Structure formats: C-alpha cells, structure tokens
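**Q** This is start15.pdb (PDB, C-alpha atoms, pLDDT in the B column).
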```pdb
ATOM      1  CA  MET A   1       0.000   0.000   0.000  1.00 56.00           C
ATOM      2  CA  THR A   2       2.894   2.357   0.690  1.00 75.00           C
ATOM      3  CA  TYR A   3       4.169   1.923  -2.859  1.00 75.00           C
ATOM      4  CA  LEU A   4       0.708   2.611  -4.304  1.00 83.00           C
ATOM      5  CA  HIS A   5       0.438   5.716  -2.119  1.00 80.00           C
ATOM      6  CA  ASP A   6       3.816   6.981  -3.319  1.00 80.00           C
ATOM      7  CA  ILE A   7       2.952   6.311  -6.973  1.00 85.00           C
ATOM      8  CA  GLY A   8      -0.281   8.247  -6.590  1.00 87.00           C
ATOM      9  CA  LYS A   9       1.525  11.101  -4.847  1.00 86.00           C
ATOM     10  CA  TYR A  10       4.120  11.120  -7.658  1.00 88.00           C
ATOM     11  CA  PHE A  11       1.453  11.621 -10.346  1.00 88.00           C
ATOM     12  CA  LEU A  12      -0.289  14.271  -8.266  1.00 90.00           C
ATOM     13  CA  MET A  13       3.061  16.051  -7.965  1.00 88.00           C
ATOM     14  CA  ILE A  14       3.420  16.056 -11.757  1.00 90.00           C
ATOM     15  CA  LYS A  15      -0.096  17.492 -12.090  1.00 89.00           C
ATOM     16  CA  GLU A  16       0.638  20.248  -9.566  1.00 88.00           C
ATOM     17  CA  THR A  17       3.908  21.080 -11.335  1.00 87.00           C
ATOM     18  CA  PHE A  18       2.061  22.372 -14.393  1.00 88.00           C
ATOM     19  CA  VAL A  19      -0.587  24.495 -12.661  1.00 85.00           C
ATOM     20  CA  LYS A  20      -0.311  28.033 -11.295  1.00 83.00           C
ATOM     21  CA  PRO A  21       2.924  28.820 -13.194  1.00 82.00           C
ATOM     22  CA  THR A  22       5.579  31.183 -11.922  1.00 80.00           C
ATOM     23  CA  LYS A  23       6.230  34.453 -13.778  1.00 83.00           C
ATOM     24  CA  GLY A  24       7.864  33.919 -17.164  1.00 80.00           C
ATOM     25  CA  LYS A  25      10.846  36.160 -16.430  1.00 87.00           C
ATOM     26  CA  VAL A  26      11.634  34.236 -13.240  1.00 85.00           C
ATOM     27  CA  LEU A  27      11.151  30.854 -14.921  1.00 88.00           C
ATOM     28  CA  ARG A  28      13.487  31.829 -17.754  1.00 91.00           C
ATOM     29  CA  VAL A  29      16.304  32.504 -15.308  1.00 91.00           C
ATOM     30  CA  LEU A  30      15.631  29.263 -13.455  1.00 90.00           C
ATOM     31  CA  ILE A  31      15.552  27.206 -16.666  1.00 91.00           C
ATOM     32  CA  PHE A  32      18.903  28.544 -17.876  1.00 92.00           C
ATOM     33  CA  LYS A  33      20.408  27.844 -14.463  1.00 92.00           C
ATOM     34  CA  GLU A  34      19.122  24.256 -14.561  1.00 90.00           C
ATOM     35  CA  ILE A  35      20.448  23.763 -18.102  1.00 92.00           C
ATOM     36  CA  ASP A  36      23.872  24.847 -16.885  1.00 91.00           C
ATOM     37  CA  ASP A  37      23.751  22.609 -13.791  1.00 89.00           C
ATOM     38  CA  LEU A  38      22.132  19.498 -15.269  1.00 90.00           C
ATOM     39  CA  ILE A  39      23.135  19.486 -18.954  1.00 91.00           C
ATOM     40  CA  ILE A  40      26.309  21.524 -19.448  1.00 91.00           C
ATOM     41  CA  GLY A  41      27.737  20.300 -16.160  1.00 88.00           C
ATOM     42  CA  SER A  42      27.311  16.678 -17.262  1.00 88.00           C
ATOM     43  CA  LEU A  43      29.059  16.915 -20.646  1.00 90.00           C
ATOM     44  CA  GLY A  44      32.535  16.224 -19.273  1.00 90.00           C
ATOM     45  CA  ILE A  45      31.763  12.947 -17.508  1.00 91.00           C
ATOM     46  CA  VAL A  46      29.519  11.800 -20.369  1.00 92.00           C
ATOM     47  CA  ALA A  47      32.225  12.465 -22.963  1.00 92.00           C
ATOM     48  CA  PHE A  48      34.868  10.674 -20.902  1.00 93.00           C
ATOM     49  CA  ILE A  49      32.765   7.571 -20.228  1.00 93.00           C
ATOM     50  CA  SER A  50      31.382   7.350 -23.774  1.00 92.00           C
ATOM     51  CA  PHE A  51      34.768   7.528 -25.494  1.00 93.00           C
ATOM     52  CA  PHE A  52      36.423   4.838 -23.397  1.00 93.00           C
ATOM     53  CA  VAL A  53      33.428   2.501 -23.178  1.00 92.00           C
ATOM     54  CA  GLY A  54      33.132   2.665 -26.979  1.00 91.00           C
ATOM     55  CA  GLY A  55      36.772   1.638 -27.177  1.00 91.00           C
ATOM     56  CA  VAL A  56      36.222  -1.237 -24.739  1.00 92.00           C
ATOM     57  CA  VAL A  57      33.238  -2.499 -26.766  1.00 90.00           C
ATOM     58  CA  ALA A  58      35.360  -2.551 -29.935  1.00 90.00           C
ATOM     59  CA  ILE A  59      38.298  -4.315 -28.250  1.00 90.00           C
ATOM     60  CA  GLN A  60      36.125  -6.963 -26.607  1.00 89.00           C
ATOM     61  CA  THR A  61      34.312  -7.614 -29.894  1.00 88.00           C
ATOM     62  CA  ALA A  62      37.623  -7.946 -31.732  1.00 87.00           C
ATOM     63  CA  LEU A  63      39.092 -10.295 -29.125  1.00 86.00           C
ATOM     64  CA  ASN A  64      36.093 -12.611 -29.427  1.00 84.00           C
ATOM     65  CA  LEU A  65      36.353 -12.873 -33.218  1.00 79.00           C
ATOM     66  CA  THR A  66      38.631 -15.893 -33.078  1.00 72.00           C
ATOM     67  CA  ASN A  67      37.124 -17.602 -36.129  1.00 73.00           C
ATOM     68  CA  PRO A  68      38.924 -16.391 -39.295  1.00 75.00           C
ATOM     69  CA  ILE A  69      35.724 -16.877 -41.313  1.00 78.00           C
ATOM     70  CA  ILE A  70      33.963 -14.089 -39.396  1.00 75.00           C
ATOM     71  CA  PRO A  71      34.644 -10.766 -41.166  1.00 81.00           C
ATOM     72  CA  LYS A  72      36.349  -7.945 -39.283  1.00 82.00           C
ATOM     73  CA  GLN A  73      33.536  -5.625 -40.371  1.00 85.00           C
ATOM     74  CA  LEU A  74      31.574  -7.088 -37.474  1.00 87.00           C
ATOM     75  CA  ILE A  75      33.621  -4.927 -35.077  1.00 86.00           C
ATOM     76  CA  GLY A  76      32.175  -1.732 -36.526  1.00 87.00           C
ATOM     77  CA  PHE A  77      28.685  -3.234 -36.733  1.00 89.00           C
ATOM     78  CA  ALA A  78      28.692  -4.456 -33.119  1.00 88.00           C
ATOM     79  CA  SER A  79      30.107  -1.168 -31.846  1.00 89.00           C
ATOM     80  CA  ARG A  80      27.400   0.823 -33.618  1.00 89.00           C
ATOM     81  CA  GLN A  81      24.567  -1.380 -32.382  1.00 89.00           C
ATOM     82  CA  SER A  82      25.837  -1.486 -28.801  1.00 89.00           C
ATOM     83  CA  VAL A  83      26.417   2.255 -28.511  1.00 91.00           C
ATOM     84  CA  ILE A  84      23.276   3.486 -30.293  1.00 91.00           C
ATOM     85  CA  LEU A  85      20.726   0.983 -29.006  1.00 89.00           C
ATOM     86  CA  GLU A  86      21.700   0.511 -25.372  1.00 88.00           C
ATOM     87  CA  PHE A  87      24.873   2.068 -24.039  1.00 88.00           C
ATOM     88  CA  ALA A  88      24.262   5.734 -24.882  1.00 88.00           C
ATOM     89  CA  PRO A  89      20.540   6.024 -24.107  1.00 90.00           C
ATOM     90  CA  THR A  90      20.108   3.479 -21.309  1.00 91.00           C
ATOM     91  CA  PHE A  91      23.329   2.886 -19.385  1.00 91.00           C
ATOM     92  CA  LEU A  92      24.353   6.526 -19.495  1.00 91.00           C
ATOM     93  CA  SER A  93      20.912   7.416 -18.143  1.00 91.00           C
ATOM     94  CA  ILE A  94      21.534   5.112 -15.178  1.00 92.00           C
ATOM     95  CA  ILE A  95      24.875   6.831 -14.612  1.00 91.00           C
ATOM     96  CA  MET A  96      23.128  10.194 -14.870  1.00 90.00           C
ATOM     97  CA  ALA A  97      20.613   9.010 -12.282  1.00 90.00           C
ATOM     98  CA  GLY A  98      23.542   8.982  -9.882  1.00 88.00           C
ATOM     99  CA  LYS A  99      24.952  12.346 -10.907  1.00 88.00           C
ATOM    100  CA  VAL A 100      21.958  14.446 -11.914  1.00 90.00           C
ATOM    101  CA  GLY A 101      19.391  12.613  -9.784  1.00 89.00           C
ATOM    102  CA  SER A 102      21.403  12.897  -6.592  1.00 89.00           C
ATOM    103  CA  PHE A 103      22.038  16.587  -7.281  1.00 90.00           C
ATOM    104  CA  ILE A 104      18.319  17.265  -7.785  1.00 91.00           C
ATOM    105  CA  THR A 105      17.254  15.325  -4.685  1.00 91.00           C
ATOM    106  CA  SER A 106      19.883  16.850  -2.439  1.00 90.00           C
ATOM    107  CA  SER A 107      19.249  20.417  -3.622  1.00 90.00           C
ATOM    108  CA  ILE A 108      15.466  20.216  -3.205  1.00 90.00           C
ATOM    109  CA  GLY A 109      15.817  18.180   0.005  1.00 89.00           C
ATOM    110  CA  THR A 110      18.123  20.797   1.498  1.00 88.00           C
ATOM    111  CA  MET A 111      15.538  23.465   0.682  1.00 87.00           C
ATOM    112  CA  ARG A 112      12.916  21.351   2.457  1.00 87.00           C
ATOM    113  CA  VAL A 113      15.117  20.881   5.540  1.00 86.00           C
ATOM    114  CA  THR A 114      15.966  24.585   5.742  1.00 85.00           C
ATOM    115  CA  GLU A 115      12.265  25.504   5.280  1.00 83.00           C
ATOM    116  CA  GLN A 116      12.898  27.444   2.060  1.00 85.00           C
ATOM    117  CA  ILE A 117      10.050  25.537   0.384  1.00 84.00           C
ATOM    118  CA  ASP A 118       7.717  26.542   3.201  1.00 83.00           C
ATOM    119  CA  ALA A 119       8.771  30.160   2.666  1.00 88.00           C
ATOM    120  CA  LEU A 120       7.909  29.907  -1.058  1.00 83.00           C
ATOM    121  CA  GLU A 121       4.463  28.557  -0.248  1.00 84.00           C
ATOM    122  CA  VAL A 122       3.853  31.278   2.351  1.00 85.00           C
ATOM    123  CA  MET A 123       4.556  33.855  -0.371  1.00 85.00           C
ATOM    124  CA  GLY A 124       1.861  32.229  -2.555  1.00 82.00           C
ATOM    125  CA  ILE A 125       4.322  30.645  -5.018  1.00 84.00           C
ATOM    126  CA  ASN A 126       3.626  27.193  -6.414  1.00 86.00           C
ATOM    127  CA  SER A 127       6.815  25.583  -5.092  1.00 87.00           C
ATOM    128  CA  LEU A 128       6.502  22.549  -7.371  1.00 87.00           C
ATOM    129  CA  ASN A 129       6.276  24.717 -10.462  1.00 88.00           C
ATOM    130  CA  TYR A 130       9.121  26.903  -9.201  1.00 89.00           C
ATOM    131  CA  LEU A 131      11.449  23.987  -8.390  1.00 88.00           C
ATOM    132  CA  VAL A 132      10.472  21.050 -10.626  1.00 90.00           C
ATOM    133  CA  PHE A 133       9.198  22.600 -13.863  1.00 91.00           C
ATOM    134  CA  PRO A 134      12.558  24.259 -14.771  1.00 92.00           C
ATOM    135  CA  LYS A 135      14.270  20.896 -14.280  1.00 92.00           C
ATOM    136  CA  ILE A 136      11.809  19.163 -16.607  1.00 93.00           C
ATOM    137  CA  VAL A 137      12.371  21.819 -19.290  1.00 92.00           C
ATOM    138  CA  ALA A 138      16.152  21.670 -18.843  1.00 92.00           C
ATOM    139  CA  MET A 139      16.162  17.876 -19.195  1.00 91.00           C
ATOM    140  CA  CYS A 140      14.418  18.225 -22.552  1.00 91.00           C
ATOM    141  CA  PHE A 141      17.943  19.000 -23.813  1.00 92.00           C
ATOM    142  CA  TYR A 142      19.169  15.654 -22.501  1.00 92.00           C
ATOM    143  CA  PRO A 143      18.897  13.972 -25.959  1.00 91.00           C
ATOM    144  CA  PHE A 144      21.584  16.432 -27.093  1.00 93.00           C
ATOM    145  CA  VAL A 145      23.914  14.926 -24.462  1.00 92.00           C
ATOM    146  CA  ILE A 146      23.088  11.418 -25.674  1.00 93.00           C
ATOM    147  CA  ALA A 147      23.804  12.424 -29.295  1.00 93.00           C
ATOM    148  CA  ILE A 148      27.292  13.522 -28.209  1.00 94.00           C
ATOM    149  CA  ALA A 149      27.681  10.241 -26.309  1.00 93.00           C
ATOM    150  CA  MET A 150      26.775   8.250 -29.431  1.00 92.00           C
ATOM    151  CA  PHE A 151      29.301  10.129 -31.550  1.00 93.00           C
ATOM    152  CA  LEU A 152      32.114   9.839 -29.012  1.00 94.00           C
ATOM    153  CA  GLY A 153      31.321   6.192 -28.301  1.00 92.00           C
ATOM    154  CA  ILE A 154      31.642   5.271 -31.968  1.00 92.00           C
ATOM    155  CA  LEU A 155      34.735   7.483 -32.298  1.00 93.00           C
ATOM    156  CA  GLY A 156      36.323   5.695 -29.343  1.00 93.00           C
ATOM    157  CA  ALA A 157      35.474   2.340 -30.919  1.00 92.00           C
ATOM    158  CA  TYR A 158      37.017   3.431 -34.235  1.00 92.00           C
ATOM    159  CA  ILE A 159      40.268   4.600 -32.632  1.00 93.00           C
ATOM    160  CA  ALA A 160      40.573   1.507 -30.438  1.00 91.00           C
ATOM    161  CA  ALA A 161      39.856  -0.903 -33.294  1.00 89.00           C
ATOM    162  CA  VAL A 162      41.890   0.757 -36.035  1.00 89.00           C
ATOM    163  CA  TYR A 163      44.881   2.062 -34.088  1.00 89.00           C
ATOM    164  CA  GLY A 164      44.873  -1.032 -31.903  1.00 86.00           C
ATOM    165  CA  GLY A 165      45.510  -3.116 -35.012  1.00 84.00           C
ATOM    166  CA  PHE A 166      42.302  -5.159 -34.785  1.00 84.00           C
ATOM    167  CA  THR A 167      40.895  -4.036 -38.136  1.00 84.00           C
ATOM    168  CA  THR A 168      41.431  -1.515 -40.919  1.00 87.00           C
ATOM    169  CA  ALA A 169      39.635   1.800 -41.225  1.00 87.00           C
ATOM    170  CA  ASP A 170      37.785   0.636 -44.355  1.00 89.00           C
ATOM    171  CA  GLN A 171      36.598  -2.558 -42.672  1.00 87.00           C
ATOM    172  CA  PHE A 172      35.401  -0.701 -39.592  1.00 87.00           C
ATOM    173  CA  LEU A 173      33.518   1.918 -41.641  1.00 90.00           C
ATOM    174  CA  THR A 174      31.982  -0.787 -43.825  1.00 89.00           C
ATOM    175  CA  GLY A 175      30.678  -2.576 -40.736  1.00 86.00           C
ATOM    176  CA  LEU A 176      29.482   0.732 -39.346  1.00 86.00           C
ATOM    177  CA  LYS A 177      27.245   1.226 -42.390  1.00 87.00           C
ATOM    178  CA  ASP A 178      26.119  -2.405 -42.849  1.00 85.00           C
ATOM    179  CA  ASP A 179      22.392  -3.080 -42.303  1.00 84.00           C
ATOM    180  CA  PHE A 180      21.857   0.334 -40.752  1.00 85.00           C
ATOM    181  CA  ILE A 181      18.205   0.873 -39.782  1.00 86.00           C
ATOM    182  CA  PRO A 182      17.327   4.579 -39.367  1.00 88.00           C
ATOM    183  CA  PHE A 183      14.464   3.710 -37.010  1.00 91.00           C
ATOM    184  CA  HIS A 184      17.040   2.640 -34.424  1.00 90.00           C
ATOM    185  CA  ILE A 185      17.997   6.309 -34.045  1.00 91.00           C
ATOM    186  CA  VAL A 186      14.334   7.254 -33.578  1.00 91.00           C
ATOM    187  CA  TYR A 187      13.957   4.472 -31.009  1.00 92.00           C
ATOM    188  CA  ALA A 188      17.052   5.587 -29.097  1.00 92.00           C
ATOM    189  CA  PHE A 189      16.022   9.235 -28.896  1.00 92.00           C
ATOM    190  CA  LEU A 190      12.408   8.414 -28.077  1.00 93.00           C
ATOM    191  CA  LYS A 191      13.373   6.444 -25.006  1.00 92.00           C
ATOM    192  CA  THR A 192      16.024   9.050 -24.147  1.00 93.00           C
ATOM    193  CA  PHE A 193      13.296  11.686 -24.031  1.00 93.00           C
ATOM    194  CA  ILE A 194      11.210   9.504 -21.701  1.00 93.00           C
ATOM    195  CA  PHE A 195      14.262   8.822 -19.523  1.00 94.00           C
ATOM    196  CA  SER A 196      14.906  12.559 -19.280  1.00 93.00           C
ATOM    197  CA  PHE A 197      11.440  13.053 -17.805  1.00 93.00           C
ATOM    198  CA  LEU A 198      12.077  10.290 -15.257  1.00 93.00           C
ATOM    199  CA  LEU A 199      15.485  11.780 -14.401  1.00 93.00           C
ATOM    200  CA  ALA A 200      13.872  15.139 -13.661  1.00 92.00           C
ATOM    201  CA  THR A 201      10.745  14.059 -11.787  1.00 93.00           C
ATOM    202  CA  ILE A 202      11.610  11.005  -9.650  1.00 93.00           C
ATOM    203  CA  PRO A 203      14.572  12.671  -7.847  1.00 92.00           C
ATOM    204  CA  SER A 204      12.448  15.808  -7.443  1.00 91.00           C
ATOM    205  CA  PHE A 205       9.715  13.718  -5.823  1.00 91.00           C
ATOM    206  CA  HIS A 206      12.093  12.197  -3.293  1.00 90.00           C
ATOM    207  CA  GLY A 207      13.652  15.558  -2.487  1.00 88.00           C
ATOM    208  CA  PHE A 208      10.382  17.481  -2.224  1.00 86.00           C
ATOM    209  CA  TYR A 209       8.562  15.057   0.072  1.00 88.00           C
ATOM    210  CA  MET A 210      11.462  14.057   2.319  1.00 84.00           C
ATOM    211  CA  ARG A 211      11.321  14.765   6.039  1.00 84.00           C
ATOM    212  CA  GLY A 212      14.099  15.051   8.605  1.00 78.00           C
ATOM    213  CA  GLY A 213      17.556  16.596   8.634  1.00 77.00           C
ATOM    214  CA  ALA A 214      20.855  16.353   6.800  1.00 76.00           C
ATOM    215  CA  LEU A 215      21.106  12.577   7.278  1.00 81.00           C
ATOM    216  CA  GLU A 216      17.702  12.072   5.652  1.00 83.00           C
ATOM    217  CA  VAL A 217      18.831  14.172   2.659  1.00 85.00           C
ATOM    218  CA  GLY A 218      21.572  11.621   2.001  1.00 84.00           C
ATOM    219  CA  LYS A 219      19.134   8.733   2.409  1.00 87.00           C
ATOM    220  CA  ALA A 220      16.673  10.389   0.036  1.00 87.00           C
ATOM    221  CA  SER A 221      19.428  10.824  -2.585  1.00 87.00           C
ATOM    222  CA  THR A 222      20.280   7.118  -2.369  1.00 88.00           C
ATOM    223  CA  THR A 223      16.615   6.114  -2.574  1.00 89.00           C
ATOM    224  CA  SER A 224      16.001   8.365  -5.573  1.00 90.00           C
ATOM    225  CA  PHE A 225      18.977   6.854  -7.416  1.00 91.00           C
ATOM    226  CA  VAL A 226      17.667   3.333  -6.818  1.00 91.00           C
ATOM    227  CA  TRP A 227      14.114   4.053  -7.925  1.00 91.00           C
ATOM    228  CA  THR A 228      15.161   6.166 -10.907  1.00 93.00           C
ATOM    229  CA  SER A 229      17.409   3.324 -12.082  1.00 93.00           C
ATOM    230  CA  VAL A 230      14.592   0.800 -11.614  1.00 93.00           C
ATOM    231  CA  ALA A 231      12.156   3.009 -13.524  1.00 93.00           C
ATOM    232  CA  ILE A 232      14.631   3.467 -16.388  1.00 94.00           C
ATOM    233  CA  ILE A 233      15.325  -0.267 -16.687  1.00 94.00           C
ATOM    234  CA  VAL A 234      11.639  -1.256 -16.568  1.00 94.00           C
ATOM    235  CA  THR A 235      10.667   1.495 -19.018  1.00 93.00           C
ATOM    236  CA  ASN A 236      13.488   0.436 -21.324  1.00 92.00           C
ATOM    237  CA  TYR A 237      12.128  -3.129 -21.342  1.00 93.00           C
ATOM    238  CA  PHE A 238       8.602  -2.092 -22.302  1.00 92.00           C
ATOM    239  CA  ILE A 239       9.713   0.433 -24.934  1.00 92.00           C
ATOM    240  CA  THR A 240      12.011  -2.154 -26.523  1.00 91.00           C
ATOM    241  CA  GLN A 241       9.231  -4.746 -26.455  1.00 91.00           C
ATOM    242  CA  MET A 242       6.783  -2.362 -28.129  1.00 89.00           C
ATOM    243  CA  LEU A 243       9.040  -0.768 -30.726  1.00 87.00           C
ATOM    244  CA  LEU A 244      11.581  -3.420 -31.713  1.00 82.00           C
ATOM    245  CA  SER A 245       9.844  -6.752 -31.275  1.00 74.00           C
TER     246      SER A 245
END
```
Turn this file's structure into structure tokens for me.
**A**
Amino acid sequence: MTYLHDIGKYFLMIKETFVKPTKGKVLRVLIFKEIDDLIIGSLGIVAFISFFVGGVVAIQTALNLTNPIIPKQLIGFASRQSVILEFAPTFLSIIMAGKVGSFITSSIGTMRVTEQIDALEVMGINSLNYLVFPKIVAMCFYPFVIAIAMFLGILGAYIAAVYGGFTTADQFLTGLKDDFIPFHIVYAFLKTFIFSFLLATIPSFHGFYMRGGALEVGKASTTSFVWTSVAIIVTNYFITQMLLS
C-alpha cells in the first residue's frame, strides 16, 4: 500500500507542477540555471565515459572474433549497435541518475530541511512549479547529451579498433554502415526523451517530500537513485518490447 500511495503522490506532484505557473521572467532565469547545472555540467563525464566505453566495446568484440571466417567488419557493426541501441541512451541514463538525480534530490531536500520551500508557499508561489518545472524543461535538452555520447562512443570504438591493429579503417567503416536501420535512431532518442522526464521528476519527488535533517537528505538521494534506475530499466524493457519486437 505504501508503494501505491507513493505512486499516486508522484502523479499528483506532476499534475501540480504544471498548474499556477511562476512568472515567465523568473522561470526563464531558473531554466537557464538548470540547463547549466544538469546538462552543461554533465558533458565532461559523459564524454569521458562514452569515449572509453566505446573503445572497450570494440576491443572486446575484436578479441572474441577468433574464427577467421567471421569478417572484421563485425567490429564496426557491433560497436554501432551497442552504442546506439543501449549504451548511450540506457546505461548513461543510469549513470546520470547517480549524478543528476542525486544533485536534484539533495538540492530540493536541502531546501525542504531549511524551510525554504515553506517560505515559497507562504509567499503564494507554487513551489513545485518553481522547483520542478525548470528541471523538466532543462532535461528536454538531454537527448543532445546522448547524441554527443553516441558520436564519441563510436569514435572511441574506431580509434581503439583501427589504431589497436584489430581491423582496418575501411573494414570498420563498412561494418558501421552495414544493415543500418534509421528507425534505431528514432527508437534511441524516443526512449532518451522519456528517460529525461524520469530523471527530472523522480529525484524531485524524493527531495520534495522528504522529512528530517541532513542525514535524511543523504538517504533520500540514495533512494532516488535506486528508484530512478529501476524506472529506467523497466521502461526500457517495455519500450524495446513495443518498438523493436
């Protein structure tokens, strides 16, 4: 029953986020601040992880091609499929649940502990719209981060495979283009957009409704990471089942 109560409260929170909006001039400032904190601030770690994981995917694929009959083009093909379909949109989103989600929960939770949210409500401001709505809008730019991750992941795979001596540049590029299905890009960005909404709202929920002191802020951040990761994985399963099966 507790889980059902929390799910209901979560959807009510989303409803309240879009009513009684804050002044446009104030929201504009808040949105740009959230874009800087959540999107721009995440580019470094995303670029680093994407490049090296792409390289690891290419190396592991090459090391498992022990049969000489299997063409080396498969390295480029496997790298493309792994990065575009799952690594960039899904596994990076789980990593971002730790970075972005914890930041959102701790920042809103600290405002709850220090009674800043109560002060907003006393002044007649819709605190959910003031705090959560800018984060939802900022995370709409999250697919841009994933596009960079896809590019750098494939670039890392290319450098690792070609300069590591596992295949030639022509073979890698041929595999990269083999049996390419454009809908896979649509699928990846569609679920990325849904993940961005989960990344903005679930941590906000845990931060907004937490109670206690500084210790509870840390617990809420951990809980939000767990449930955001679970939601992303379950959502990924259903989207894949509906769109690719």
**Q** Could you name the residues that touch segment 147-163 of chain A at 7 Å or less, counting all atoms listed in the file, but leaving out those on the same chain fewer than 5 positions away, as a PyMOL selection string?
**A** chain A and resi 46-47+50-55+57-59+79-80+83-84+88+168-169+172
**Q** Ranking A:Lys135, A:His184, A:Lys219, A:Lys177 by minimum distance to Ala200 of chain A and counting only C-alpha atoms, which one comes first?
**A** A:Lys135
**Q** With distances taken over only C-alpha atoms, which residue among A:Asp6, A:Asp170, A:Glu34, A:Glu16 lies nearest Met139 of chain A?
**A** A:Glu34
**Q** Counting all atoms listed in the file, what is within 8 Å of Tyr187 of chain A, bar same-chain residues fewer than 4 positions away, as a list of chain:residue names?
**A**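 So, after excluding close chain neighbours, the residues are A:Leu85, A:Phe183, A:Lys191, A:Leu243.
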**Q** Pick from A:Gln73, A:Ser127, A:Ser204, A:Asn64: nearest to Thr228 of chain A, with all atoms listed in the file counted?
**A**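 For Thr228 of chain A, the nearest of the candidates is A:Ser204.
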**Q** May I have the residues within 12 Å of Phe32 of chain A as number ranges by chain, using all atoms listed in the file and disregarding those fewer than 5 positions away in the same chain?
**A** A: 25-27, 37-40, 134-139, 141
**Q** So which one's closest to Phe193 of chain A, A:Val145, A:Leu176, A:Leu244, A:Leu63? Using all atoms listed in the file, please.
**A**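 When distances to Phe193 of chain A are compared using all atoms listed in the file, the smallest one comes from A:Val145.
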**Q** So what do you get for atom CA of Val100 of chain A versus atom CA of Lys20 of chain A, distance-wise?
**A** 26.1 Å
